[in-house]
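Below is one structure; the comments refer to it alone.
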There are 2 protein chains.
Amino acid sequence: VTEAATAETTLDAFHRGGFWLVQPAGRGHRAGSDAMILGAAVPDGFSGMVADLGAGAGAAGLAVLSRCPGARAVLVERSSEMARCARSSLALEGNAALAARASVIELDLTVPGRQRAAAGLGDAGVDFAIMNPPFNEARDRATPDALRREAHVMEEDGLARWVRVAAAIVRPRGGFAAIVRPGQMAPLLAAMAGRFGGAEVKGIHPRPTAPAIRVVVRGWKGSRADTALMPPLLLHDAAGNRFTAEADAVTNGRAGLFPA
Amino acid sequence: VTEAATAETTLDAFHRGGFWLVQPAGRGHRAGSDAMILGAAVPDGFSGMVADLGAGAGAAGLAVLSRCPGARAVLVERSSEMARCARSSLALEGNAALAARASVIELDLTVPGRQRAAAGLGDAGVDFAIMNPPFNEARDRATPDALRREAHVMEEDGLARWVRVAAAIVRPRGGFAAIVRPGQMAPLLAAMAGRFGGAEVKGIHPRPTAPAIRVVVRGWKGSRADTALMPPLLLHDAAGNRFTAEADAVTNGRAGLFPA
């Protein structure tokens, strides 16, 4: 499979060689643990259609296909370059077992619903939507306060728009999951209110006594159930740099993030 | 101290005898772990004025005084009967070390600000507000759906009103903490937005693999810092019915809920 890597792309194995990803070399967002953890938010044994919104090279969506043999996936990505990477990934021999169950749609999620439907992503057409929203970067920059505030607003706005799109494309009682930074947990829950209920909030903690570095929130379209705060996923124990058994299983496609 | 208990009230020890509480016998809300955990949300070494909103018999406020020798407390309670219990508690010989640092205000928190100030709870006058909002009960009852929905609305409305009062009475950069059910976490965070920032969310979990039964959220007036999801407080280990060392320390006034 390694021939597919060019000077401009790299080829990385996920799920211990369960699937491969073509990604731009040294530029853009590189998929890693976040995408694997997000892919694990789909229930064990999931066998419907998952939409990976803002899929990038397709890491989270392919993680679902790799772990759930009955699942299908549509990878939705705005950037032509990333969508090309996703298509290249699907063409890899090492991904032959997954490729027949996946498709790529090059689409800006914020276009009007009619345009989105024309691109192949109509209302209530998928069983589960997952997203790793690309609103993480702006706040990390050292920016003057006014700019920073603007970035905050854009961020929450963008997040809410993406959640609205997810609510539109997911069938009633279908699922939704997002992985975000802890600072986005409150606006994410606010955006989900009235759309996805029965939210399960799960912190991803690097160590037992450390705050979460990411938060996964899962919900169900039309559910009126209460929000639950789940036990955390610990990436490492108090000492050492190895993943915990649970984190290793979750990031390598051998276990779901939310045990049934 | 036991003479203070009458046929209509009971006398209960907290913090292993560190302070005592007069409570109505067999009626109303009885203070327990929730109030002790809430009282532990005030920082270690806190030495300002804390307002316990909806104090009931005063359990959480007295827990702060018991753990923080430099703290003062105002116990704010609408019910005459509960406020009487709080005053009786302060009159107990066993609470002599705390009573000089505490006062009771009988007040409905939802009255206009002028009326609240006239009762002794003016704007920006306290350093920290804590609350264990009494909006837990309605949803537990088996009620027809319409009534239940109304209770939900009342619940979120009431919660937001209490948070607004807390934001009014706390000085700039002062603190706020509430203990709620997980289902109230999202509306609580929404009510705090723009008032109390730098929120720290902490789940109270009965077992390592169980969802939280309560959530404590702490924030700081005027802070623009991001929300953080803290490591959980485990009440019990995987097996056995004894409190964990951490839960024992927190509920008995020997440790804060948020280690510095």
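Chain identifiers are assigned as A, B, and so on, following the order in which chains appear in the structure tokens; residues are numbered from 1 within each chain, and ligands are numbered from 1 in order of appearance.
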Can you work out which residues from chain B touch chain A at a cut-off of 7 Å (counting only C-alpha atoms) and hand them back as an NGL selection string?
:B and (182-183 or 186 or 189-190 or 203 or 208-212 or 226-231)
Quick one: residues within 12 Å of Ala96 (chain A), only C-alpha atoms, excluding same-chain residues fewer than 5 positions away - as number ranges by chain?
A: 1, 18-20, 62, 65-66, 88-91, 101-102
Selection to disk with all heavy atoms, as an mmCIF file, in the first residue's frame:
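Generated file (part03.cif):
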data_model
loop_
_atom_site.group_PDB
_atom_site.id
_atom_site.type_symbol
_atom_site.label_atom_id
_atom_site.label_comp_id
_atom_site.auth_asym_id
_atom_site.auth_seq_id
_atom_site.Cartn_x
_atom_site.Cartn_y
_atom_site.Cartn_z
ATOM 1 N N VAL A 1 0.811 -1.208 0.000
ATOM 2 C CA VAL A 1 0.000 0.000 0.000
ATOM 3 C C VAL A 1 0.848 1.263 0.000
ATOM 4 O O VAL A 1 0.336 2.337 -0.309
ATOM 5 C CB VAL A 1 -0.936 0.048 1.226
ATOM 6 C CG1 VAL A 1 -2.036 -0.979 1.090
ATOM 7 C CG2 VAL A 1 -0.170 -0.132 2.497
ATOM 8 N N GLY A 18 -5.760 -1.719 10.405
ATOM 9 C CA GLY A 18 -7.126 -2.036 9.975
ATOM 10 C C GLY A 18 -7.558 -1.177 8.797
ATOM 11 O O GLY A 18 -8.332 -1.607 7.950
ATOM 12 N N PHE A 19 -7.054 0.053 8.761
ATOM 13 C CA PHE A 19 -7.278 0.889 7.570
ATOM 14 C C PHE A 19 -6.179 1.925 7.475
ATOM 15 O O PHE A 19 -5.387 2.121 8.411
ATOM 16 C CB PHE A 19 -8.681 1.530 7.570
ATOM 17 C CG PHE A 19 -8.902 2.572 8.631
ATOM 18 C CD1 PHE A 19 -8.751 3.936 8.340
ATOM 19 C CD2 PHE A 19 -9.282 2.220 9.912
ATOM 20 C CE1 PHE A 19 -8.964 4.899 9.307
ATOM 21 C CE2 PHE A 19 -9.503 3.189 10.895
ATOM 22 C CZ PHE A 19 -9.341 4.532 10.595
ATOM 23 N N TRP A 20 -6.132 2.580 6.304
ATOM 24 C CA TRP A 20 -5.053 3.516 5.978
ATOM 25 C C TRP A 20 -5.629 4.847 5.559
ATOM 26 O O TRP A 20 -6.738 4.904 5.033
ATOM 27 C CB TRP A 20 -4.199 2.941 4.834
ATOM 28 C CG TRP A 20 -3.584 1.615 5.193
ATOM 29 C CD1 TRP A 20 -4.223 0.414 5.201
ATOM 30 C CD2 TRP A 20 -2.254 1.389 5.620
ATOM 31 N NE1 TRP A 20 -3.356 -0.578 5.602
ATOM 32 C CE2 TRP A 20 -2.133 0.006 5.866
ATOM 33 C CE3 TRP A 20 -1.132 2.195 5.820
ATOM 34 C CZ2 TRP A 20 -0.944 -0.578 6.304
ATOM 35 C CZ3 TRP A 20 0.053 1.617 6.247
ATOM 36 C CH2 TRP A 20 0.133 0.243 6.492
ATOM 37 N N LEU A 62 -14.002 6.328 8.534
ATOM 38 C CA LEU A 62 -13.389 5.033 8.246
ATOM 39 C C LEU A 62 -13.208 4.227 9.534
ATOM 40 O O LEU A 62 -13.294 2.988 9.506
ATOM 41 C CB LEU A 62 -12.056 5.226 7.532
ATOM 42 C CG LEU A 62 -12.172 5.806 6.108
ATOM 43 C CD1 LEU A 62 -10.790 5.925 5.450
ATOM 44 C CD2 LEU A 62 -13.086 4.929 5.232
ATOM 45 N N LEU A 65 -16.379 2.387 9.978
ATOM 46 C CA LEU A 65 -16.482 1.246 9.052
ATOM 47 C C LEU A 65 -15.574 0.108 9.484
ATOM 48 O O LEU A 65 -15.924 -1.071 9.350
ATOM 49 C CB LEU A 65 -16.115 1.686 7.634
ATOM 50 C CG LEU A 65 -16.998 2.766 7.008
ATOM 51 C CD1 LEU A 65 -16.608 2.985 5.553
ATOM 52 C CD2 LEU A 65 -18.474 2.389 7.123
ATOM 53 N N SER A 66 -14.389 0.456 9.974
ATOM 54 C CA SER A 66 -13.435 -0.562 10.392
ATOM 55 C C SER A 66 -13.939 -1.330 11.611
ATOM 56 O O SER A 66 -13.752 -2.544 11.715
ATOM 57 C CB SER A 66 -12.091 0.118 10.693
ATOM 58 O OG SER A 66 -11.260 -0.678 11.505
ATOM 59 N N SER A 88 -8.565 9.161 -2.366
ATOM 60 C CA SER A 88 -7.342 8.366 -2.514
ATOM 61 C C SER A 88 -7.292 7.261 -1.467
ATOM 62 O O SER A 88 -6.878 6.134 -1.756
ATOM 63 C CB SER A 88 -6.102 9.257 -2.374
ATOM 64 O OG SER A 88 -6.097 10.265 -3.353
ATOM 65 N N SER A 89 -7.732 7.602 -0.259
ATOM 66 C CA SER A 89 -7.750 6.590 0.808
ATOM 67 C C SER A 89 -8.651 5.423 0.409
ATOM 68 O O SER A 89 -8.281 4.253 0.564
ATOM 69 C CB SER A 89 -8.250 7.201 2.120
ATOM 70 O OG SER A 89 -7.366 8.195 2.588
ATOM 71 N N LEU A 90 -9.831 5.758 -0.109
ATOM 72 C CA LEU A 90 -10.785 4.699 -0.475
ATOM 73 C C LEU A 90 -10.245 3.840 -1.610
ATOM 74 O O LEU A 90 -10.625 2.675 -1.758
ATOM 75 C CB LEU A 90 -12.136 5.312 -0.869
ATOM 76 C CG LEU A 90 -12.892 6.023 0.264
ATOM 77 C CD1 LEU A 90 -14.237 6.540 -0.234
ATOM 78 C CD2 LEU A 90 -13.092 5.094 1.454
ATOM 79 N N ALA A 91 -9.343 4.404 -2.434
ATOM 80 C CA ALA A 91 -8.801 3.655 -3.568
ATOM 81 C C ALA A 91 -7.654 2.734 -3.170
ATOM 82 O O ALA A 91 -7.207 1.914 -3.974
ATOM 83 C CB ALA A 91 -8.326 4.642 -4.650
ATOM 84 N N ARG A 101 -18.242 0.429 1.146
ATOM 85 C CA ARG A 101 -19.274 0.941 2.054
ATOM 86 C C ARG A 101 -19.159 2.441 2.275
ATOM 87 O O ARG A 101 -19.846 2.992 3.135
ATOM 88 C CB ARG A 101 -19.181 0.200 3.398
ATOM 89 C CG ARG A 101 -19.502 -1.290 3.300
ATOM 90 C CD ARG A 101 -19.501 -1.953 4.676
ATOM 91 N NE ARG A 101 -18.174 -2.336 5.120
ATOM 92 C CZ ARG A 101 -17.690 -2.094 6.332
ATOM 93 N NH1 ARG A 101 -18.422 -1.430 7.208
ATOM 94 N NH2 ARG A 101 -16.476 -2.482 6.662
ATOM 95 N N ALA A 102 -18.292 3.101 1.522
ATOM 96 C CA ALA A 102 -18.051 4.531 1.766
ATOM 97 C C ALA A 102 -18.192 5.352 0.502
ATOM 98 O O ALA A 102 -17.937 4.878 -0.606
ATOM 99 C CB ALA A 102 -16.661 4.735 2.348
#
Using only C-alpha atoms, which protein or nucleic acid residues come within 12 Å of Arg114 (chain A)? Drop anything in the same chain fewer than 6 positions from it, and give the result as an MDAnalysis selection string.
chainID A and resid 120:123 165 168:169
Using only C-alpha atoms, the best pick from A:Arg218, A:Arg224, A:Arg242, A:Arg173 as closest to Gly194 (chain A) would be A:Arg224
Between A:Leu11, A:Val250, A:Leu109, A:Ala260, smallest distance to Val64 (chain A) by only C-alpha atoms belongs to A:Val250
If you run DSSP on the backbone, which residues of region 48-97 of chain B are strand (DSSP E), as a PDB file with C-alpha atoms, in the first residue's frame?
ATOM      1  CA  MET B  49     -18.447  36.009  52.896  1.00  0.00           C
ATOM      2  CA  VAL B  50     -20.376  33.111  51.389  1.00  0.00           C
ATOM      3  CA  ALA B  51     -24.097  33.264  50.647  1.00  0.00           C
ATOM      4  CA  ASP B  52     -25.925  29.943  50.839  1.00  0.00           C
ATOM      5  CA  LEU B  53     -28.937  30.468  48.552  1.00  0.00           C
ATOM      6  CA  ARG B  72     -18.427  34.106  57.172  1.00  0.00           C
ATOM      7  CA  ALA B  73     -21.822  32.984  55.879  1.00  0.00           C
ATOM      8  CA  VAL B  74     -25.273  34.322  55.238  1.00  0.00           C
ATOM      9  CA  LEU B  75     -27.930  31.629  55.038  1.00  0.00           C
ATOM     10  CA  VAL B  76     -30.776  32.710  52.738  1.00  0.00           C
ATOM     11  CA  GLU B  77     -33.997  30.724  52.976  1.00  0.00           C
TER      12      GLU B  77
END
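Proximity to Ala167 (chain B) was assessed for B:Gly26, B:Pro134, B:Gly125, B:Gly48 counting only C-alpha atoms; the smallest distance is recorded for B:Gly125.
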List as number ranges by chain the protein and nucleic acid residues near Phe176 (chain A), meaning an atom at most 10 Å away when only C-alpha atoms are counted, but skip any in the same chain fewer than 2 places from it.
A: 41-42, 50-51, 127-131, 163, 166-167, 170, 173-174, 178, 192, 195-197, 199, 217-221
Gap from CA of Ser103 (chain B) to CA of Ala57 (chain B) - Å, one decimal:
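It comes out at 12.0 Å.
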Selection near His29 (chain B), 9 Å with only C-alpha atoms, sequence-local residues under 5 positions removed, as a ChimeraX atom specification:
/B:23-24,56,134
